[in-house]
>>> print(open('final.pdb').read())   # PDB, C-alpha atoms and all ligand atoms
ATOM      1  CA  MET A  21       0.000   0.000   0.000
ATOM      2  CA  ARG A  22       1.355   3.416  -0.866
ATOM      3  CA  ILE A  23       0.435   6.178   1.524
ATOM      4  CA  ASP A  24       1.136   9.798   0.668
ATOM      5  CA  MET A  25       2.043  11.629   3.780
ATOM      6  CA  GLU A  26       4.334  14.213   5.218
ATOM      7  CA  THR A  27       6.940  12.691   7.470
ATOM      8  CA  GLU A  28       9.285  14.193  10.052
ATOM      9  CA  GLU A  29      12.697  13.195  11.412
ATOM     10  CA  ILE A  30      12.636  13.173  15.188
ATOM     11  CA  PRO A  31      15.118  12.778  18.034
ATOM     12  CA  CYS A  32      14.617   9.819  20.408
ATOM     13  CA  PRO A  33      11.285  10.456  22.208
ATOM     14  CA  ILE A  34      12.791   9.148  25.470
ATOM     15  CA  CYS A  35      16.304  10.647  25.713
ATOM     16  CA  GLU A  36      16.333  13.132  22.788
ATOM     17  CA  ASN A  37      19.463  11.659  21.236
ATOM     18  CA  THR A  38      19.527  12.418  17.503
ATOM     19  CA  GLU A  39      21.628   9.400  16.493
ATOM     20  CA  LYS A  40      19.834   6.247  15.423
ATOM     21  CA  ASP A  41      20.605   2.707  14.282
ATOM     22  CA  PRO A  42      18.305   1.232  11.617
ATOM     23  CA  LEU A  43      16.528  -1.879  12.876
ATOM     24  CA  HIS A  44      13.584  -3.276  10.883
ATOM     25  CA  ARG A  45      11.887  -1.959   7.770
ATOM     26  CA  GLU A  46       8.226  -2.425   6.808
ATOM     27  CA  GLY A  47       7.490  -1.048   3.342
ATOM     28  CA  SER A  48       8.659   2.562   3.342
ATOM     29  CA  PHE A  49       8.775   2.740   7.144
ATOM     30  CA  GLN A  50      11.862   2.271   9.277
ATOM     31  CA  MET A  51      12.062   1.295  12.925
ATOM     32  CA  VAL A  52      15.282   2.494  14.553
ATOM     33  CA  ARG A  53      17.040   1.885  17.854
ATOM     34  CA  CYS A  54      18.418   4.745  19.909
ATOM     35  CA  PRO A  55      22.117   3.945  20.542
ATOM     36  CA  SER A  56      21.980   5.818  23.830
ATOM     37  CA  CYS A  57      18.854   4.467  25.631
ATOM     38  CA  GLN A  58      17.991   1.518  23.311
ATOM     39  CA  PHE A  59      14.432   2.764  22.700
ATOM     40  CA  ILE A  60      12.903   1.380  19.497
ATOM     41  CA  TYR A  61      10.820   3.853  17.530
ATOM     42  CA  LEU A  62       9.573   4.808  14.073
ATOM     43  CA  ASN A  63      11.807   7.407  12.401
ATOM     44  CA  PRO A  64      10.987   9.320  10.298
ATOM     45  CA  ARG A  65       7.359   9.207  11.300
ATOM     46  CA  PRO A  66       4.123  10.670   9.855
ATOM     47  CA  ALA A  67       3.374  14.264  10.774
ATOM     48  CA  HIS A  68       0.917  14.991  13.599
ATOM     49  CA  GLU A  69      -1.999  15.948  11.279
ATOM     50  CA  PHE A  70      -1.742  12.670   9.387
ATOM     51  CA  LEU A  71      -1.859  10.658  12.614
ATOM     52  CA  LEU A  72      -4.892  12.537  13.943
ATOM     53  CA  ASN A  73      -6.766  11.811  10.715
ATOM     54  CA  PHE A  74      -5.478   8.217  10.614
ATOM     55  CA  TYR A  75      -7.044   7.464  14.007
ATOM     56  CA  GLN A  76     -10.448   8.634  12.842
ATOM     57  CA  HIS A  77     -10.480   5.455  10.707
ATOM     58  CA  TYR A  78      -8.316   3.091  12.757
ATOM     59  CA  LEU A  79     -10.975   1.188  14.704
ATOM     60  CA  PRO A  80     -13.554  -1.098  13.029
ATOM     61  CA  GLU A  81     -16.661   0.743  11.888
ATOM     62  CA  ASP A  82     -19.550  -1.641  11.311
ATOM     63  CA  GLY A  83     -21.528  -3.273  14.094
ATOM     64  CA  TYR A  84     -20.401  -6.841  13.461
ATOM     65  CA  LEU A  85     -16.704  -5.885  13.474
ATOM     66  CA  ILE A  86     -17.156  -3.848  16.647
ATOM     67  CA  GLN A  87     -18.650  -6.903  18.385
ATOM     68  CA  SER A  88     -15.904  -9.185  17.129
ATOM     69  CA  TRP A  89     -13.306  -6.674  18.414
ATOM     70  CA  GLU A  90     -15.040  -6.793  21.797
ATOM     71  CA  ARG A  91     -14.882 -10.613  21.828
ATOM     72  CA  MET A  92     -11.195 -10.503  20.909
ATOM     73  CA  MET A  93     -10.371  -8.150  23.819
ATOM     74  CA  ARG A  94     -12.736  -9.628  26.431
ATOM     75  CA  PRO A  95     -10.240 -12.022  28.137
ATOM     76  CA  ILE A  96      -7.730  -9.162  28.509
ATOM     77  CA  PHE A  97     -10.345  -6.836  30.006
ATOM     78  CA  THR A  98     -11.671  -9.469  32.410
ATOM     79  CA  ARG A  99      -8.169 -10.325  33.584
ATOM     80  CA  ALA A 100      -7.277  -6.643  34.065
ATOM     81  CA  ALA A 101     -10.523  -6.017  35.964
ATOM     82  CA  ARG A 102      -9.755  -8.868  38.363
ATOM     83  CA  LEU A 103      -6.205  -7.622  38.816
ATOM     84  CA  ILE A 104      -7.466  -4.147  39.686
ATOM     85  CA  GLN A 105     -10.057  -5.467  42.110
ATOM     86  CA  GLN A 106      -7.475  -7.579  43.939
ATOM     87  CA  ARG A 107      -5.929  -4.268  44.958
ATOM     88  CA  LYS A 108      -8.930  -1.965  45.163
ATOM     89  CA  ARG A 109     -12.587  -3.010  45.313
ATOM     90  CA  GLN A 110     -14.038   0.203  43.952
ATOM     91  CA  GLY A 111     -13.068   3.731  43.018
ATOM     92  CA  ARG A 112     -12.697   6.173  40.145
ATOM     93  CA  LEU A 113     -11.125   4.868  36.943
ATOM     94  CA  LEU A 114     -10.004   6.540  33.737
ATOM     95  CA  ASP A 115      -9.344   4.465  30.606
ATOM     96  CA  VAL A 116      -7.219   6.329  28.055
ATOM     97  CA  GLY A 117      -7.604   5.363  24.387
ATOM     98  CA  THR A 118     -10.782   3.647  25.486
ATOM     99  CA  GLY A 119     -12.072   2.978  21.954
ATOM    100  CA  PHE A 120     -15.701   1.870  22.118
ATOM    101  CA  GLY A 121     -15.585   1.772  25.931
ATOM    102  CA  PHE A 122     -15.826  -1.980  26.556
ATOM    103  CA  PHE A 123     -13.327  -1.960  29.421
ATOM    104  CA  LEU A 124     -15.248   0.886  31.050
ATOM    105  CA  MET A 125     -18.420  -1.224  30.774
ATOM    106  CA  GLU A 126     -16.666  -4.103  32.531
ATOM    107  CA  MET A 127     -15.553  -1.836  35.373
ATOM    108  CA  ARG A 128     -18.914  -0.039  35.618
ATOM    109  CA  LYS A 129     -20.571  -3.435  36.000
ATOM    110  CA  ARG A 130     -18.241  -4.009  38.959
ATOM    111  CA  GLY A 131     -19.369  -0.799  40.649
ATOM    112  CA  TRP A 132     -16.609   1.585  39.566
ATOM    113  CA  ASP A 133     -17.070   5.236  38.710
ATOM    114  CA  VAL A 134     -15.673   5.254  35.163
ATOM    115  CA  MET A 135     -14.763   7.665  32.376
ATOM    116  CA  GLY A 136     -12.667   7.519  29.234
ATOM    117  CA  VAL A 137     -10.499   9.533  26.870
ATOM    118  CA  GLU A 138     -10.540   8.814  23.137
ATOM    119  CA  ILE A 139      -9.516  10.595  19.932
ATOM    120  CA  SER A 140     -11.648   8.709  17.386
ATOM    121  CA  GLN A 141     -14.954  10.554  16.976
ATOM    122  CA  LYS A 142     -16.784   7.411  15.810
ATOM    123  CA  ALA A 143     -15.626   5.507  18.888
ATOM    124  CA  ILE A 144     -16.648   8.429  21.123
ATOM    125  CA  ASP A 145     -20.121   8.476  19.516
ATOM    126  CA  TYR A 146     -20.511   4.737  20.152
ATOM    127  CA  ALA A 147     -19.260   4.815  23.754
ATOM    128  CA  LYS A 148     -21.473   7.810  24.603
ATOM    129  CA  GLY A 149     -24.497   7.151  22.405
ATOM    130  CA  VAL A 150     -24.806   3.362  22.570
ATOM    131  CA  LEU A 151     -23.204   2.574  25.936
ATOM    132  CA  GLY A 152     -24.018   5.818  27.769
ATOM    133  CA  LEU A 153     -20.448   6.355  28.999
ATOM    134  CA  THR A 154     -18.660   9.592  29.893
ATOM    135  CA  ILE A 155     -15.924  10.189  27.324
ATOM    136  CA  TYR A 156     -13.585  13.161  26.895
ATOM    137  CA  PRO A 157     -12.051  13.884  23.488
ATOM    138  CA  GLY A 158      -8.274  13.300  23.727
ATOM    139  CA  PRO A 159      -5.348  13.421  23.818
ATOM    140  CA  LEU A 160      -5.125  13.008  27.604
ATOM    141  CA  GLU A 161      -2.731  15.926  28.163
ATOM    142  CA  GLU A 162      -5.296  18.317  26.654
ATOM    143  CA  VAL A 163      -8.196  17.282  28.913
ATOM    144  CA  VAL A 164      -6.467  18.611  32.070
ATOM    145  CA  PHE A 165      -8.032  16.501  34.823
ATOM    146  CA  PRO A 166      -7.454  17.654  38.423
ATOM    147  CA  GLU A 167      -4.352  16.419  40.238
ATOM    148  CA  ASN A 168      -4.647  13.341  42.512
ATOM    149  CA  HIS A 169      -8.039  12.503  41.025
ATOM    150  CA  PHE A 170      -8.114   8.830  39.948
ATOM    151  CA  ASP A 171      -7.651   5.555  41.787
ATOM    152  CA  VAL A 172      -6.753   3.804  38.552
ATOM    153  CA  VAL A 173      -5.706   4.926  35.071
ATOM    154  CA  SER A 174      -5.596   2.260  32.347
ATOM    155  CA  GLY A 175      -4.391   2.161  28.743
ATOM    156  CA  PHE A 176      -4.784  -0.922  26.559
ATOM    157  CA  TYR A 177      -2.603  -1.073  23.457
ATOM    158  CA  LEU A 178      -2.158   2.671  23.645
ATOM    159  CA  ILE A 179       1.409   3.645  24.531
ATOM    160  CA  GLU A 180       2.883   2.283  21.297
ATOM    161  CA  HIS A 181       0.684   4.737  19.372
ATOM    162  CA  LEU A 182       1.771   7.868  21.230
ATOM    163  CA  SER A 183       4.107  10.528  19.807
ATOM    164  CA  ASP A 184       5.259  11.558  23.278
ATOM    165  CA  PRO A 185       4.965   8.574  25.636
ATOM    166  CA  MET A 186       6.872  10.364  28.418
ATOM    167  CA  ALA A 187       4.384  13.265  28.474
ATOM    168  CA  PHE A 188       1.547  10.719  28.694
ATOM    169  CA  LEU A 189       3.154   8.811  31.598
ATOM    170  CA  LYS A 190       3.889  12.050  33.432
ATOM    171  CA  GLU A 191       0.257  13.127  33.079
ATOM    172  CA  CYS A 192      -0.981   9.731  34.324
ATOM    173  CA  HIS A 193       1.229  10.116  37.399
ATOM    174  CA  ARG A 194      -0.078  13.654  38.024
ATOM    175  CA  ILE A 195      -3.787  12.727  37.875
ATOM    176  CA  LEU A 196      -3.471   9.556  39.975
ATOM    177  CA  LYS A 197      -4.097   9.677  43.717
ATOM    178  CA  SER A 198      -1.268   8.608  45.980
ATOM    179  CA  GLY A 199      -1.562   4.822  46.239
ATOM    180  CA  GLY A 200      -3.409   4.738  42.909
ATOM    181  CA  PHE A 201      -2.027   2.832  39.985
ATOM    182  CA  LEU A 202      -1.541   2.811  36.264
ATOM    183  CA  LEU A 203      -2.280  -0.351  34.281
ATOM    184  CA  LEU A 204      -0.812  -0.569  30.788
ATOM    185  CA  ARG A 205      -1.154  -3.314  28.212
ATOM    186  CA  TYR A 206       1.344  -3.162  25.343
ATOM    187  CA  PRO A 207       2.755  -5.333  22.545
ATOM    188  CA  HIS A 208       6.449  -6.241  22.450
ATOM    189  CA  THR A 209       7.138  -7.208  18.865
ATOM    190  CA  THR A 210      10.892  -6.787  18.334
ATOM    191  CA  PRO A 211      11.936 -10.284  19.539
ATOM    192  CA  ILE A 212       9.561 -11.904  16.984
ATOM    193  CA  LYS A 213      10.757  -9.545  14.247
ATOM    194  CA  ASN A 214      14.373 -10.547  15.034
ATOM    195  CA  LEU A 215      13.471 -14.228  14.875
ATOM    196  CA  LEU A 216      11.506 -13.967  11.616
ATOM    197  CA  ARG A 217      14.375 -12.039  10.026
ATOM    198  CA  LEU A 218      16.728 -14.921  10.833
ATOM    199  CA  PHE A 219      14.487 -17.173   8.751
ATOM    200  CA  GLY A 220      13.872 -14.511   6.089
ATOM    201  CA  ILE A 221      10.109 -14.508   6.726
ATOM    202  CA  PRO A 222       8.491 -11.257   5.535
ATOM    203  CA  ASN A 223       5.895  -9.746   7.873
ATOM    204  CA  ARG A 224       4.325  -6.478   8.969
ATOM    205  CA  LEU A 225       4.069  -7.266  12.655
ATOM    206  CA  TYR A 226       4.977  -3.749  13.808
ATOM    207  CA  ASP A 227       1.870  -2.498  12.012
ATOM    208  CA  LEU A 228       3.636   0.663  10.824
ATOM    209  CA  PRO A 229       2.836   3.528  10.817
ATOM    210  CA  ALA A 230       0.131   2.785  13.431
ATOM    211  CA  HIS A 231       2.731   1.839  16.029
ATOM    212  CA  LEU A 232       5.271   4.560  16.667
ATOM    213  CA  SER A 233       7.389   2.538  19.090
ATOM    214  CA  ASP A 234       7.975  -0.894  20.598
ATOM    215  CA  PHE A 235       8.481  -1.070  24.369
ATOM    216  CA  SER A 236      10.292  -3.860  26.170
ATOM    217  CA  PRO A 237       9.386  -4.494  29.840
ATOM    218  CA  GLU A 238      12.782  -3.024  30.867
ATOM    219  CA  MET A 239      12.183   0.138  28.854
ATOM    220  CA  ILE A 240       8.658   0.624  30.163
ATOM    221  CA  GLN A 241       9.886   0.195  33.735
ATOM    222  CA  ARG A 242      12.629   2.803  33.223
ATOM    223  CA  CYS A 243      10.121   5.281  31.788
ATOM    224  CA  LEU A 244       7.626   4.670  34.601
ATOM    225  CA  GLU A 245      10.312   5.202  37.240
ATOM    226  CA  ARG A 246      11.536   8.339  35.515
ATOM    227  CA  VAL A 247       8.134  10.037  35.879
ATOM    228  CA  GLY A 248       7.917   9.015  39.545
ATOM    229  CA  PHE A 249       6.158   5.643  39.777
ATOM    230  CA  GLU A 250       7.708   3.797  42.681
ATOM    231  CA  ARG A 251       6.855   0.145  42.117
ATOM    232  CA  CYS A 252       6.049  -1.891  38.990
ATOM    233  CA  TRP A 253       4.708  -5.376  38.536
ATOM    234  CA  HIS A 254       5.073  -7.036  35.162
ATOM    235  CA  MET A 255       2.939  -9.932  33.976
ATOM    236  CA  ILE A 256       1.688 -11.660  30.846
ATOM    237  CA  GLY A 257      -1.908 -10.716  31.632
ATOM    238  CA  GLY A 258      -3.830 -13.087  29.345
ATOM    239  CA  HIS A 259      -4.132 -13.190  25.592
ATOM    240  CA  THR A 260      -6.589 -11.969  22.961
ATOM    241  CA  VAL A 261      -9.057 -14.177  21.040
ATOM    242  CA  PRO A 262      -8.872 -12.937  17.436
ATOM    243  CA  ALA A 263     -11.728 -13.770  15.064
ATOM    244  CA  ASP A 264      -9.663 -15.568  12.401
ATOM    245  CA  TRP A 265      -8.477 -19.088  13.207
ATOM    246  CA  THR A 266      -4.768 -18.767  12.390
ATOM    247  CA  SER A 267      -4.326 -15.752  14.644
ATOM    248  CA  ARG A 268      -6.513 -17.323  17.298
ATOM    249  CA  ILE A 269      -4.414 -20.507  17.432
ATOM    250  CA  ALA A 270      -1.134 -18.521  17.519
ATOM    251  CA  SER A 271      -2.489 -16.267  20.262
ATOM    252  CA  SER A 272      -3.692 -19.242  22.290
ATOM    253  CA  VAL A 273      -0.477 -21.294  21.916
ATOM    254  CA  PHE A 274       1.907 -18.448  22.753
ATOM    255  CA  GLY A 275      -0.458 -16.979  25.352
ATOM    256  CA  ASN A 276      -0.748 -20.253  27.279
ATOM    257  CA  LEU A 277       2.926 -21.102  26.901
ATOM    258  CA  SER A 278       4.033 -17.695  28.177
ATOM    259  CA  GLU A 279       1.542 -17.819  31.088
ATOM    260  CA  SER A 280       2.794 -21.289  32.084
ATOM    261  CA  LEU A 281       6.446 -20.241  31.988
ATOM    262  CA  PHE A 282       5.639 -17.082  33.942
ATOM    263  CA  PHE A 283       3.866 -19.177  36.564
ATOM    264  CA  LEU A 284       6.608 -21.849  36.730
ATOM    265  CA  SER A 285       9.286 -19.179  37.158
ATOM    266  CA  THR A 286       7.245 -17.678  40.046
ATOM    267  CA  GLY A 287       6.544 -14.516  38.104
ATOM    268  CA  LYS A 288      10.080 -13.877  36.835
ATOM    269  CA  PHE A 289      10.128 -15.027  33.211
ATOM    270  CA  LEU A 290       8.410 -12.748  30.712
ATOM    271  CA  PHE A 291       8.251 -14.620  27.401
ATOM    272  CA  PRO A 292       9.793 -12.373  24.712
ATOM    273  CA  GLY A 293       7.551 -11.164  21.931
ATOM    274  CA  VAL A 294       4.089 -11.549  23.459
ATOM    275  CA  SER A 295       1.997  -8.640  24.746
ATOM    276  CA  LYS A 296       2.376  -7.788  28.403
ATOM    277  CA  THR A 297       0.663  -5.953  31.208
ATOM    278  CA  VAL A 298       2.388  -3.692  33.698
ATOM    279  CA  LEU A 299       0.990  -2.202  36.845
ATOM    280  CA  ALA A 300       2.732   0.828  38.357
ATOM    281  CA  VAL A 301       1.961   2.369  41.735
ATOM    282  CA  LYS A 302       2.141   6.043  42.611
ATOM    283  CA  GLY A 303       3.571   6.619  46.081
ATOM    284  CA  SER A 304       3.573   3.932  48.697
ATOM    285  CA  CYS A 305       1.298   0.867  48.511
ATOM    286  CA  GLU A 306      -1.640   0.649  50.882
TER     287      GLU A 306
HETATM  288 ZN    ZN A 401      17.071   7.349  23.467
END
>>> encode(input="final.pdb", output="structure tokens")
Amino acid sequence: MRIDMETEEIPCPICENTEKDPLHREGSFQMVRCPSCQFIYLNPRPAHEFLLNFYQHYLPEDGYLIQSWERMMRPIFTRAARLIQQRKRQGRLLDVGTGFGFFLMEMRKRGWDVMGVEISQKAIDYAKGVLGLTIYPGPLEEVVFPENHFDVVSGFYLIEHLSDPMAFLKECHRILKSGGFLLLRYPHTTPIKNLLRLFGIPNRLYDLPAHLSDFSPEMIQRCLERVGFERCWHMIGGHTVPADWTSRIASSVFGNLSESLFFLSTGKFLFPGVSKTVLAVKGSCE
């Protein structure tokens, strides 16, 4: 697919270093690694206006596809909801990049006071109009919520889409209450890309230019600590159930394998390449 767009060269979004080592290419897009902090990001990347417009059409649009997206994400949302409730029974939760609002529905059902932030107007219309949720048009940094306001902030498959992930994490820390926590779910694709390259298997697993970066658990922990989060827990956190059979089998095999190894290693081994969940606490734990 050829996409006409304006692109921009950027310094490393984490440490601002302007040097870069080419890593993987997908079509005309290039992922690079920062030689200073090892962050993996898209460079050059599409200009801001292109991305804003791109996200107006990123999520599925017809009813059937919306429902199948919900079914795909359901195990992740249920697992995250249980994880949250192990630490806090009820409270005020903000889901950033909430899409159609299905995670908010799950938490509302469990008695939480919920609201979301989203940039896609169609998703906002669905979450407000069909599900009756409270949604603020994003990005998060422009909403300006009060300080120390939320018990939980969540973001599912969000951080890899953000132009300035540090600004986002800083804002999450600011709006969380002390003792509140941030739950992030993110893909970690580079180990699979490295493996497939060894075998010369072409793929577009980074989903460029939708994903602007690829976080490892180590990198996400460093970023979380840098904005002031004091403790992080990493986990596999379940796996999705995609609609098509090939993806569903792959997701199930690698999801179950990585969960088993995580369990057998008493929570130490994070299988490379599968999506992960991290939970970060602001201030001291209760
Ligand atoms: Zn860097």
>>> atom_distance(input="final.pdb", atom1="atom CA of A:Glu161", atom2="atom CA of A:Gln76")
18.6 Å
>>> residues_around(input="final.pdb", residues="A:Trp89", least_positions_apart="6", cutoff="12 Å", atoms="only C-alpha atoms", output="JSON, numbers by chain")
{"A": [79, 80, 81, 82, 83, 95, 96, 97, 119, 120, 121, 122, 123, 260, 261, 262, 263, 264]}
>>> residues_near_ligand(input="final.pdb", ligand="ligand ZN 401 (chain A)", cutoff="10 Å", atoms="only C-alpha atoms and all ligand atoms", output="MDAnalysis selection string")
chainID A and resid 31:40 53:61
>>> write_last_selection(input="final.pdb", atoms="C-alpha atoms", output="short mmCIF file (atom, residue, chain, number, x, y, z; two decimals), in the coordinates of the input")
data_model
loop_
_atom_site.label_atom_id
_atom_site.label_comp_id
_atom_site.auth_asym_id
_atom_site.auth_seq_id
_atom_site.Cartn_x
_atom_site.Cartn_y
_atom_site.Cartn_z
CA PRO A 31 15.12 12.78 18.03
CA CYS A 32 14.62 9.82 20.41
CA PRO A 33 11.28 10.46 22.21
CA ILE A 34 12.79 9.15 25.47
CA CYS A 35 16.30 10.65 25.71
CA GLU A 36 16.33 13.13 22.79
CA ASN A 37 19.46 11.66 21.24
CA THR A 38 19.53 12.42 17.50
CA GLU A 39 21.63 9.40 16.49
CA LYS A 40 19.83 6.25 15.42
CA ARG A 53 17.04 1.88 17.85
CA CYS A 54 18.42 4.74 19.91
CA PRO A 55 22.12 3.94 20.54
CA SER A 56 21.98 5.82 23.83
CA CYS A 57 18.85 4.47 25.63
CA GLN A 58 17.99 1.52 23.31
CA PHE A 59 14.43 2.76 22.70
CA ILE A 60 12.90 1.38 19.50
CA TYR A 61 10.82 3.85 17.53
#
>>> resolve_selection(input="final.pdb", expression="the PyMOL selection byres (((chain A and resi 291) around 12) and not hetatm)", output="PyMOL selection string")
chain A and resi 207-209+211-212+236-237+254-257+274-285+287-290+292-296
>>> resolve_selection(input="final.pdb", expression="the PyMOL selection byres (((chain A and resi 151-156) around 6) and not hetatm)", output="list of chain:residue names")
A:Met135, A:Gly136, A:Val137, A:Ala147, A:Lys148, A:Gly149, A:Val150, A:Pro157
>>> atom_distance(input="final.pdb", atom1="atom CA of A:Glu138", atom2="atom CA of A:Gly248")
24.7 Å
>>> resolve_selection(input="final.pdb", expression="the PyMOL selection byres (((chain A and resi 67-69) around 9) and not hetatm)", output="count of residues only")
12
>>> residues_around(input="final.pdb", residues="A:Leu232", least_positions_apart="6", cutoff="6 Å", atoms="only C-alpha atoms", output="PDB file with C-alpha atoms, in the frame of the given file")
ATOM      1  CA  TYR A  61      10.820   3.853  17.530  1.00  0.00           C
ATOM      2  CA  LEU A  62       9.573   4.808  14.073  1.00  0.00           C
ATOM      3  CA  GLU A 180       2.883   2.283  21.297  1.00  0.00           C
ATOM      4  CA  HIS A 181       0.684   4.737  19.372  1.00  0.00           C
TER       5      HIS A 181
END
>>> atom_distance(input="final.pdb", atom1="atom CA of A:Leu114", atom2="atom CA of A:Glu90")
18.6 Å
>>> closest_atom_pairs(input="final.pdb", of="stretch 27-113 of chain A", to="stretch 189-204 of chain A", cutoff="9 Å", atoms="all atoms listed in the file", output="CSV")
residue,atom,partner,partner_atom,distance
A:Ala100,CA,A:Leu203,CA,8.0
A:Ile104,CA,A:Leu203,CA,8.4
A:Lys108,CA,A:Gly200,CA,9.0
>>> write_last_selection(input="final.pdb", atoms="C-alpha atoms", output="CSV table (one decimal), in the coordinates of the input")
chain,number,residue,atom,x,y,z
A,100,ALA,CA,-7.3,-6.6,34.1
A,104,ILE,CA,-7.5,-4.1,39.7
A,108,LYS,CA,-8.9,-2.0,45.2
